[in-house]
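What follows is a short report on a single structure.
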Amino acid sequence: MAWTFATLKVGDKDSISKVITAEVVAKFADVSNDNNPIHLDEAFAKTTRFGQRIAHGMISAGLISAVHGTLIPGQGAVYMTQSLKFRAPVFYGDTLTAWAEVQEKIEDKKRVLMKNWVVNQKGETVVEGEGLLLFNV
């Protein structure tokens, strides 16, 4: 659905999913220059509390951004703020689903306060937060 500010209402929500592969993590490391071995080096990661490589937390945040930019509110939405709480690690092979739900519409400024959360294939919340977006269309 192509949302307009007028058609959005509190409670509207949408989601996007992605499988987190070694290729996804490697591409993110390249783009971000975050080459922390906990993400990329299996031998090092085995020595950590997680016992295996974990994905960058900001990959989950990027999926939230994808929901906002492509689905809800969608094209023309511009971030103003985003809070994030990282609740659980994301492992290679996890399927993440990022959700965004309209919490409040600020009519006079054409802004939307969104509740965000990302869950893995087990239904565990790995990230949660709130975003404030300017609806620019």
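By convention in this document, the chains of the structure tokens carry letters A, B, ... by their order, each chain's residues are numbered from 1, and ligands are numbered from 1 in the order they are shown.
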
Residue neighbourhood Tyr92 in chain A, 8 Å, only C-alpha atoms, exclusion window fewer than 6 positions, as a list in words:
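Residues meeting the cut-off are Ile20, Thr21, Ala22, Arg53, Ile54 and Ala55 of chain A.
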
Pull the strand (DSSP E) assignments for chain A out of DSSP run on the backbone, and list those residues as a count of residues only.
49

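Residues in contact with range 41-51 of chain A at 9 Å, where only C-alpha atoms are counted and same-chain residues fewer than 4 positions away are skipped, are listed as A:Asn36, A:Pro37, A:Pro89.
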
Would you please extract all helix (DSSP H, G or I) residues from chain A, as assigned by DSSP on the backbone, and give them as a VMD selection string?
chain A and resid 22 to 32 37 to 40 42 to 46 57 to 70 107 to 109

Using only C-alpha atoms, which of A:Ala77, A:Val119, A:Leu132, A:Val102 sits nearest Lys9 in chain A?
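Between A:Ala77, A:Val119, A:Leu132, A:Val102, the residue approaching Lys9 in chain A most closely is A:Val102.
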
To one decimal place, how far is CA of His68 in chain A from CA of Val112 in chain A in Å?
10.5 Å

Top pick for closest residue to Lys109 in chain A, considering A:Thr4, A:Thr95, A:Asn136, A:Leu84 and counting only C-alpha atoms:
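Between A:Thr4, A:Thr95, A:Asn136, A:Leu84, the residue approaching Lys109 in chain A most closely is A:Asn136.
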
Give me, please, the distance in Å between CA of Gly131 in chain A and CA of Lys27 in chain A, quoted to one decimal.
25.0 Å

Across A:Leu113, A:Ala6, A:Ala66, A:Val25, the smallest distance to Leu134 in chain A, with only C-alpha atoms counted, is shown by A:Leu113

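Candidate residues A:Gln52, A:Ile16, A:Gly129, A:Gly57 were compared for distance to Asp34 in chain A, and the nearest is A:Gly57, using only C-alpha atoms.
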